[in-house]
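Structure, as structure tokens:
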Amino acid sequence: MRKVYYILALALLALWGCEWHLKPNGSDRAEDGVVVERYDRIQSLYLTTGDFSALQQLNTEYPMQTRALIEDVLRIGRVNDPEINTKFLKFYQDIVLQSLINEVEQQYANMDDINKELTEAFGRLRKAVPEIAVPQIYSQIGALDQSIVVGNNTLGISLDKYLGADYPLYLKYYPKSQREQMVRSMIVPDCMMFYILSQFPMPHDKEMSQSDCDIHMGKIMWVVNKVTSKRTFRNSYVAMIDRYMKRHKNETIATLLRNNDYASIAK
């Protein structure tokens, strides 16, 4: 149960203040193959060398991502602040953040495996729920804050949150149960969970009990297990959804995601 509450809390943080807007051409990405855009590499170049051309690239090619990072993740100011570029650069001069940048560069020199898994997972998801568009997915380096950031048809992966359960810095600040989730193999499940939750959020038109919230998250996790073909999430609520779907063999994934009759699911 503790894992359920932890993931739910993370989800609520990631969704806070985001707006969900889909672009028609987003649906083509799964068929073409999902490729994580390496925003983190341009970010790293600027934050380690102060390269002005890298800063220009961040602001012109990735304006939404840069705004989200500065204003929503790091919360160091507004992007239109005349001093924000200096603040941004100075913020990452911290020795801990510089070590994170170096570690990300080493561990994620290649992300072909993640691109492949994302392509397969979004392919299965869109087969089950065709109206879901595939977002623009990019990688970034945060400050050990949010792991996945969703909004405006984009999905950002903070690679600094996936450096391995035994990464020395994590040992100082995170319990074992949390570090076990901060591994490369959790990137795709987390991406799918947060994105599906953004498309099928908890209803705002009725009062939600804790049990209702847990069942809703159980639905999302069960679907993630299906589209990734892995049993990543295992808890009593995922098991409840599994029993429900076995009793209702004609119910599709799309119908399940839209079904907010939590009392009937819990029977």
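In the structure tokens, each chain is lettered A, B, ... as it comes, each chain's residues begin at 1, and ligands are numbered from 1 in order of appearance.
Secondary structure of range 113-245 of chain A, strand (DSSP E or B) only (DSSP, backbone atoms): Gln136, Ile137, Tyr138, Ser139, Gln140, Ile148, Val149, Val150, Gly151, Thr154, Leu155, Gly156, Ile157 and Ser158 of chain A.
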(request) Could you tell me, as a ChimeraX atom specification, which residues of range 77-252 of chain A DSSP assigns to alpha helix (DSSP H) when given the backbone? (result) /A:84-91,95-107,112-128,168-173,176-179,187-199,210-228,236-247
(message) Taking 2 positions as the minimum chain separation for residues in the same chain, which residues sit within 6 Å of range 216-232 of chain A when counting only C-alpha atoms? Answer as a ChimeraX atom specification.
(response) /A:121,124-125,213-214,237-238
Give me, as CSV, the closest atom pair and its distance (Å, one decimal) for every residue of range 53-81 of chain A within a cut-off of 10 Å of range 89-104 of chain A, counting only C-alpha atoms, rows sorted by chain and rising number.
```
residue,atom,partner,partner_atom,distance
A:Leu55,CA,A:Leu89,CA,9.8
A:Leu74,CA,A:Phe91,CA,9.0
A:Ile76,CA,A:Phe91,CA,8.3
```
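Among A:Asn250, A:Asn260, A:Gln107, A:Gln136, the residue with the shortest atom-to-atom distance to Val36 in chain A, counting only C-alpha atoms, is A:Gln136.
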(request) Could you give me, as a PyMOL selection string, the residues within 8 Å of range 161-174 of chain A, counting only C-alpha atoms and dropping anything in the same chain fewer than 6 positions from it? (result) chain A and resi 103-104+107+144-147+180-184+186-187
Could you write those residues out with N, CA and C atoms, as a short mmCIF file (atom, residue, chain, number, x, y, z; two decimals), in the first residue's frame?
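Output file selection_19.cif follows:
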```
data_model
loop_
_atom_site.label_atom_id
_atom_site.label_comp_id
_atom_site.auth_asym_id
_atom_site.auth_seq_id
_atom_site.Cartn_x
_atom_site.Cartn_y
_atom_site.Cartn_z
N GLU A 103 27.03 12.13 -14.45
CA GLU A 103 26.54 10.75 -14.36
C GLU A 103 25.50 10.46 -15.44
N VAL A 104 24.63 11.42 -15.69
CA VAL A 104 23.62 11.26 -16.75
C VAL A 104 24.31 11.08 -18.10
N GLN A 107 25.69 7.39 -18.10
CA GLN A 107 24.72 6.31 -18.08
C GLN A 107 23.77 6.34 -19.28
N LEU A 144 16.70 16.54 -8.91
CA LEU A 144 16.17 15.51 -8.02
C LEU A 144 14.77 15.87 -7.53
N ASP A 145 14.00 16.51 -8.40
CA ASP A 145 12.63 16.89 -8.04
C ASP A 145 11.68 15.92 -8.72
N GLN A 146 10.95 16.35 -9.71
CA GLN A 146 9.99 15.49 -10.39
C GLN A 146 10.69 14.54 -11.35
N SER A 147 10.20 13.33 -11.42
CA SER A 147 10.78 12.34 -12.33
C SER A 147 10.23 12.47 -13.73
N GLU A 180 14.63 1.86 -5.17
CA GLU A 180 14.33 0.74 -6.06
C GLU A 180 13.52 1.17 -7.27
N GLN A 181 12.85 2.32 -7.17
CA GLN A 181 12.08 2.85 -8.29
C GLN A 181 12.91 3.79 -9.17
N MET A 182 14.11 4.14 -8.71
CA MET A 182 14.93 5.14 -9.40
C MET A 182 15.98 4.46 -10.28
N VAL A 183 15.49 3.59 -11.14
CA VAL A 183 16.35 2.78 -12.00
C VAL A 183 15.91 2.93 -13.45
N ARG A 184 16.81 2.60 -14.35
CA ARG A 184 16.56 2.75 -15.78
C ARG A 184 15.30 2.00 -16.22
N MET A 186 12.59 1.62 -14.86
CA MET A 186 11.33 2.26 -14.48
C MET A 186 10.97 3.44 -15.37
N ILE A 187 11.84 3.84 -16.26
CA ILE A 187 11.56 5.02 -17.08
C ILE A 187 10.30 4.83 -17.93
#
```
